[in-house]
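Novice: Dropping in target-v1.cif, with mmCIF, C-alpha atoms.
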data_data
#
loop_
_atom_site.label_atom_id
_atom_site.label_comp_id
_atom_site.auth_asym_id
_atom_site.auth_seq_id
_atom_site.Cartn_x
_atom_site.Cartn_y
_atom_site.Cartn_z
CA MET A 1 15.84 41.48 -26.67
CA LYS A 2 13.92 38.36 -25.71
CA THR A 3 10.73 38.44 -23.69
CA PHE A 4 9.64 35.69 -21.31
CA PRO A 5 6.33 34.82 -19.66
CA ASP A 6 5.78 36.94 -16.56
CA LYS A 7 6.07 34.65 -13.53
CA ASP A 8 4.34 37.27 -11.40
CA GLN A 9 1.21 37.38 -13.57
CA ALA A 10 -1.69 35.06 -12.77
CA PHE A 11 -2.64 34.40 -16.40
CA PRO A 12 0.52 34.54 -18.53
CA ASN A 13 -1.11 33.77 -21.88
CA PRO A 14 -4.42 35.53 -22.68
CA ALA A 15 -5.05 32.94 -25.39
CA ILE A 16 -5.26 30.21 -22.70
CA PRO A 17 -7.47 31.64 -19.92
CA SER A 18 -7.67 28.24 -18.19
CA LEU A 19 -3.95 28.32 -17.32
CA CYS A 20 -2.90 30.12 -14.14
CA TYR A 21 0.45 30.65 -12.42
CA ILE A 22 -1.02 29.77 -9.05
CA LYS A 23 1.57 31.35 -6.76
CA ASN A 24 -0.04 34.65 -7.74
CA VAL A 25 -3.57 33.75 -6.57
CA VAL A 26 -3.02 31.61 -3.46
CA LYS A 27 -3.58 33.53 -0.23
CA ASN A 28 -2.90 30.91 2.47
CA PRO A 29 0.70 31.35 3.69
CA ARG A 30 0.94 27.60 4.35
CA ILE A 31 0.55 26.92 0.62
CA ILE A 32 3.95 27.63 -0.91
CA ILE A 33 4.11 27.58 -4.72
CA GLY A 34 7.18 27.96 -6.92
CA ASP A 35 7.63 30.13 -10.00
CA TYR A 36 5.99 29.13 -13.30
CA THR A 37 3.95 26.34 -11.69
CA TYR A 38 0.48 26.29 -13.22
CA TYR A 39 -2.95 24.83 -12.63
CA ASP A 40 -5.11 24.31 -15.75
CA ASP A 41 -8.87 24.35 -15.20
CA VAL A 42 -11.53 25.78 -17.52
CA ASP A 43 -13.82 26.14 -14.50
CA GLY A 44 -11.50 28.60 -12.79
CA ALA A 45 -7.79 27.92 -12.46
CA ASP A 46 -7.47 30.87 -10.09
CA ARG A 47 -9.54 28.88 -7.55
CA PHE A 48 -6.75 26.36 -7.02
CA GLU A 49 -6.81 26.93 -3.27
CA GLU A 50 -10.20 25.19 -3.17
CA ARG A 51 -8.43 22.00 -4.28
CA VAL A 52 -6.58 21.88 -0.93
CA THR A 53 -8.97 20.32 1.58
CA HIS A 54 -9.01 19.69 5.36
CA PHE A 55 -6.39 22.38 5.76
CA TYR A 56 -6.99 23.50 9.34
CA PRO A 57 -4.71 26.10 10.95
CA PHE A 58 -4.43 24.23 14.26
CA ILE A 59 -2.77 21.29 12.47
CA GLY A 60 0.08 23.40 11.09
CA ASP A 61 0.99 21.35 8.02
CA ARG A 62 2.02 22.92 4.73
CA LEU A 63 1.61 22.22 1.02
CA ILE A 64 4.87 22.97 -0.79
CA ILE A 65 5.06 22.82 -4.59
CA GLY A 66 8.25 23.57 -6.54
CA ASN A 67 8.97 25.45 -9.76
CA PHE A 68 7.70 24.60 -13.25
CA CYS A 69 5.06 22.06 -12.19
CA ALA A 70 2.06 21.24 -14.40
CA ILE A 71 -1.14 20.46 -12.46
CA ALA A 72 -4.22 19.32 -14.38
CA LYS A 73 -7.88 19.96 -13.64
CA GLY A 74 -9.53 18.23 -10.70
CA VAL A 75 -6.42 17.52 -8.65
CA ASN A 76 -7.08 17.38 -4.89
CA PHE A 77 -4.58 17.73 -2.08
CA VAL A 78 -5.97 16.17 1.11
CA MET A 79 -4.19 17.57 4.15
CA ASN A 80 -3.68 16.14 7.65
CA GLY A 81 -6.90 17.63 8.99
CA ALA A 82 -8.79 14.85 7.22
CA ASN A 83 -7.39 12.28 9.65
CA HIS A 84 -9.54 10.76 12.41
CA ARG A 85 -8.48 9.33 15.74
CA MET A 86 -7.71 5.62 15.35
CA ASN A 87 -6.71 4.66 18.91
CA CYS A 88 -10.32 4.29 20.13
CA ALA A 89 -13.12 1.81 19.47
CA THR A 90 -14.58 4.19 16.86
CA THR A 91 -13.16 6.75 14.46
CA TYR A 92 -16.44 8.72 14.47
CA PRO A 93 -16.05 12.38 15.62
CA PHE A 94 -19.04 12.61 17.99
CA ASN A 95 -17.79 15.86 19.52
CA ILE A 96 -18.30 17.95 16.36
CA MET A 97 -21.91 16.86 15.72
CA GLY A 98 -23.68 19.31 18.05
CA GLY A 99 -26.30 18.79 20.73
CA ASP A 100 -25.24 16.94 23.84
CA TRP A 101 -22.62 15.12 21.78
CA ARG A 102 -20.49 18.24 21.99
CA GLY A 103 -19.47 16.96 25.41
CA ALA A 104 -17.91 13.81 24.00
CA GLU A 105 -14.18 13.53 24.50
CA ALA A 106 -12.41 15.36 21.71
CA PRO A 107 -9.17 14.01 20.29
CA VAL A 108 -6.02 15.89 21.14
CA LYS A 109 -3.59 16.68 18.37
CA ASP A 110 -1.27 13.82 19.36
CA ASP A 111 -4.16 11.35 18.95
CA LEU A 112 -4.48 12.15 15.25
CA PRO A 113 -2.27 10.57 12.60
CA TYR A 114 0.09 13.29 11.39
CA LYS A 115 2.25 12.75 8.32
CA GLY A 116 3.83 16.18 8.02
CA ASP A 117 4.03 18.54 5.07
CA THR A 118 2.97 17.52 1.58
CA VAL A 119 5.90 18.30 -0.73
CA ILE A 120 5.82 18.31 -4.54
CA GLY A 121 9.19 18.76 -6.23
CA ASN A 122 10.06 20.73 -9.35
CA ASP A 123 9.03 19.94 -12.93
CA VAL A 124 6.34 17.52 -11.70
CA TRP A 125 3.37 16.70 -13.95
CA ILE A 126 0.20 15.71 -12.09
CA GLY A 127 -2.58 14.38 -14.31
CA GLN A 128 -6.29 15.09 -14.17
CA ASN A 129 -8.34 14.11 -11.10
CA VAL A 130 -5.37 12.92 -9.05
CA THR A 131 -5.75 12.85 -5.25
CA VAL A 132 -2.62 13.46 -3.18
CA MET A 133 -2.89 12.23 0.41
CA PRO A 134 -1.36 13.92 3.49
CA GLY A 135 2.40 14.00 3.93
CA VAL A 136 3.26 12.60 0.51
CA HIS A 137 6.53 13.64 -1.15
CA ILE A 138 6.70 13.59 -4.95
CA GLY A 139 10.21 13.95 -6.35
CA ASP A 140 11.53 16.26 -9.06
CA GLY A 141 10.56 15.32 -12.60
CA ALA A 142 7.95 12.75 -11.57
CA ILE A 143 4.73 12.09 -13.48
CA VAL A 144 1.45 11.02 -11.85
CA GLY A 145 -1.17 9.43 -14.10
CA THR A 146 -4.80 10.53 -14.38
CA ASN A 147 -7.24 9.42 -11.63
CA SER A 148 -4.46 8.18 -9.36
CA THR A 149 -4.49 8.33 -5.56
CA VAL A 150 -1.02 9.05 -4.24
CA ALA A 151 -0.69 7.64 -0.72
CA SER A 152 3.08 7.09 -0.59
CA ASP A 153 6.18 8.87 -1.83
CA ILE A 154 7.19 8.90 -5.50
CA PRO A 155 10.95 9.13 -6.24
CA PRO A 156 12.37 11.68 -8.69
CA TYR A 157 11.84 11.03 -12.40
CA CYS A 158 9.45 8.13 -11.89
CA ILE A 159 6.06 7.55 -13.49
CA ALA A 160 3.33 6.42 -11.09
CA ALA A 161 -0.35 5.62 -11.58
CA GLY A 162 -3.24 3.75 -10.01
CA ASN A 163 -5.20 3.62 -6.75
CA PRO A 164 -3.08 3.47 -4.75
CA ALA A 165 -0.47 4.87 -7.13
CA LYS A 166 2.44 2.54 -7.81
CA ILE A 167 5.70 3.12 -9.66
CA ILE A 168 5.38 2.00 -13.28
CA ARG A 169 8.90 2.81 -14.39
CA LYS A 170 11.67 5.37 -14.28
CA ARG A 171 11.58 7.99 -17.01
CA PHE A 172 15.31 7.69 -17.74
CA ASP A 173 18.30 5.57 -16.84
CA ASP A 174 20.09 6.32 -13.56
CA GLU A 175 22.93 8.22 -15.25
CA THR A 176 20.49 10.59 -16.96
CA ILE A 177 18.53 11.11 -13.75
CA GLU A 178 21.74 11.92 -11.87
CA LEU A 179 22.68 14.50 -14.51
CA LEU A 180 19.24 16.13 -14.35
CA GLU A 181 19.35 16.26 -10.56
CA ARG A 182 22.75 17.92 -10.74
CA LEU A 183 21.56 20.37 -13.39
CA GLN A 184 18.47 21.50 -11.44
CA TRP A 185 17.51 23.64 -14.41
CA TRP A 186 14.35 24.89 -12.63
CA ASN A 187 16.48 26.86 -10.14
CA ARG A 188 18.55 28.65 -12.77
CA PRO A 189 17.98 32.22 -14.02
CA ILE A 190 15.35 32.48 -16.75
CA GLU A 191 17.98 33.55 -19.30
CA GLU A 192 19.96 30.39 -18.59
CA ILE A 193 16.82 28.26 -18.82
CA ASP A 194 16.12 29.86 -22.18
CA GLU A 195 19.64 28.96 -23.30
CA LEU A 196 19.01 25.37 -22.19
CA MET A 197 15.64 25.13 -23.96
CA PRO A 198 16.91 23.04 -26.93
CA VAL A 199 18.46 20.56 -24.46
CA LEU A 200 15.36 20.41 -22.26
CA THR A 201 12.94 19.83 -25.14
CA THR A 202 14.78 17.36 -27.37
CA SER A 203 13.55 13.77 -27.55
CA ASP A 204 17.06 12.60 -28.39
CA ILE A 205 18.03 11.33 -24.93
CA ARG A 206 21.61 10.53 -25.89
CA ALA A 207 22.12 14.06 -27.20
CA MET A 208 20.45 15.48 -24.09
CA LYS A 209 22.78 13.55 -21.78
CA SER A 210 25.86 14.71 -23.69
CA ALA A 211 24.71 18.32 -23.74
CA ILE A 212 23.90 18.36 -20.00
CA ALA A 213 27.24 16.75 -19.12
CA ALA A 214 29.05 19.36 -21.22
CA TYR A 215 27.00 22.17 -19.67
CA LEU A 216 27.79 21.03 -16.16
CA SER A 217 31.50 20.83 -16.90
CA ARG A 218 31.75 24.40 -18.18
#
Is it possible to give me this structure as structure tokens?
Specialist:
Amino acid sequence: MKTFPDKDQAFPNPAIPSLCYIKNVVKNPRIIIGDYTYYDDVDGADRFEERVTHFYPFIGDRLIIGNFCAIAKGVNFVMNGANHRMNCATTYPFNIMGGDWRGAEAPVKDDLPYKGDTVIGNDVWIGQNVTVMPGVHIGDGAIVGTNSTVASDIPPYCIAAGNPAKIIRKRFDDETIELLERLQWWNRPIEEIDELMPVLTTSDIRAMKSAIAAYLSR
């Protein structure tokens, strides 16, 4: 009988203590993490929640990350609480500085730019020291290069890099992407994923396409 990594264990492989299945260590209910998604950080992968900044409860936004994502050390998710009022002469928040300035007019929630939930799809690879800005959506299968700042959406199965991050290219042709989006292997039972492993890990794209098409037609 086969054994699989335990998705409900924080550190699935004792030989790699820097790798953590982060859904098992995050406490904030507005951070929603899928199965098998890991954060890799030698300085404490179980402290992933510290990488989510300006995450104030009165804003109400969420960080949603899908299944089987790979997140490298130093990634930061900047949430909507980082935004300042922009419809005044100054963006400076006088009211939070103490002293008599506490009486300065405070912004109401509708004054602040709000871009909604930050959503990371499934099977997304985010490189080291990437910053993801509020409200960004990164599609399934996308790759974000090291040191990038992601300020706008990245479509599924695209590679993006830079500051601000821009699309470099698609990972596959449109037909292959359509097959992968139909397959949605990350949502399948672990036994089925194990059966698909040779298809998912081959570098022969033509063989992969044929195998996925045959699998979907079963």
Novice: Measuring between all atoms listed in the file, which one of A:Asp41, A:Asp173, A:Asp35, A:Asp110 shows the shortest distance to Asn187 of chain A?
Specialist: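 Once distances to Asn187 of chain A are computed over all atoms listed in the file, the minimum belongs to A:Asp35.
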Novice: Find the residues near Phe68 of chain A: any atom within 9 Å, counting only C-alpha atoms, skip ones fewer than 3 places away on the same chain, and give them as a ChimeraX atom specification.
Specialist: /A:34-38,122-124,186
Novice: Take the residues from that selection and put them in a file with C-alpha atoms, as a PDB file, in the coordinates of the input.
Specialist:
ATOM      1  CA  GLY A  34       7.180  27.960  -6.920  1.00  0.00           C
ATOM      2  CA  ASP A  35       7.630  30.130 -10.000  1.00  0.00           C
ATOM      3  CA  TYR A  36       5.990  29.130 -13.300  1.00  0.00           C
ATOM      4  CA  THR A  37       3.950  26.340 -11.690  1.00  0.00           C
ATOM      5  CA  TYR A  38       0.480  26.290 -13.220  1.00  0.00           C
ATOM      6  CA  ASN A 122      10.060  20.730  -9.350  1.00  0.00           C
ATOM      7  CA  ASP A 123       9.030  19.940 -12.930  1.00  0.00           C
ATOM      8  CA  VAL A 124       6.340  17.520 -11.700  1.00  0.00           C
ATOM      9  CA  TRP A 186      14.350  24.890 -12.630  1.00  0.00           C
TER      10      TRP A 186
END
Novice: Taking all atoms listed in the file into account, which of A:Leu63, A:Ala151, A:Ile143, A:Met197 comes nearest Asn163 of chain A?
Specialist: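 For Asn163 of chain A, the nearest of the candidates is A:Ala151.
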Novice: Take the PyMOL selection byres ((chain A and resi 71) around 6), run it mentally on this structure, and tell me the resulting residues as a PyMOL selection string.
Specialist: chain A and resi 39+70+72+126
Novice: Residues of the last selection are to be written out with C-alpha atoms, as an mmCIF file, keeping the file's coordinate frame.
Specialist:
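And here's result12.cif as it stands now:
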data_model
loop_
_atom_site.group_PDB
_atom_site.id
_atom_site.type_symbol
_atom_site.label_atom_id
_atom_site.label_comp_id
_atom_site.auth_asym_id
_atom_site.auth_seq_id
_atom_site.Cartn_x
_atom_site.Cartn_y
_atom_site.Cartn_z
ATOM 1 C CA TYR A 39 -2.950 24.830 -12.630
ATOM 2 C CA ALA A 70 2.060 21.240 -14.400
ATOM 3 C CA ALA A 72 -4.220 19.320 -14.380
ATOM 4 C CA ILE A 126 0.200 15.710 -12.090
#
Novice: Kindly give the distance, in Å, that separates atom CA of Ile138 of chain A and atom CA of Asp117 of chain A, rounded to a single decimal.
Specialist: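 Atom-to-atom, atom CA of Ile138 of chain A to atom CA of Asp117 of chain A, that is 11.5 Å.
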Novice: Using the chain letters and residue numbers of this document, give as a VMD selection string the residues selected by the PyMOL selection byres ((chain A and resi 209) around 9).
Specialist: chain A and resid 175 to 176 179 to 180 199 204 to 208 210 to 214
Novice: Generate a file of the selected residues that holds C-alpha atoms, formatted as a short mmCIF file (atom, residue, chain, number, x, y, z; two decimals), in the coordinates of the input.
Specialist:
data_model
loop_
_atom_site.label_atom_id
_atom_site.label_comp_id
_atom_site.auth_asym_id
_atom_site.auth_seq_id
_atom_site.Cartn_x
_atom_site.Cartn_y
_atom_site.Cartn_z
CA GLU A 175 22.93 8.22 -15.25
CA THR A 176 20.49 10.59 -16.96
CA LEU A 179 22.68 14.50 -14.51
CA LEU A 180 19.24 16.13 -14.35
CA VAL A 199 18.46 20.56 -24.46
CA ASP A 204 17.06 12.60 -28.39
CA ILE A 205 18.03 11.33 -24.93
CA ARG A 206 21.61 10.53 -25.89
CA ALA A 207 22.12 14.06 -27.20
CA MET A 208 20.45 15.48 -24.09
CA SER A 210 25.86 14.71 -23.69
CA ALA A 211 24.71 18.32 -23.74
CA ILE A 212 23.90 18.36 -20.00
CA ALA A 213 27.24 16.75 -19.12
CA ALA A 214 29.05 19.36 -21.22
#
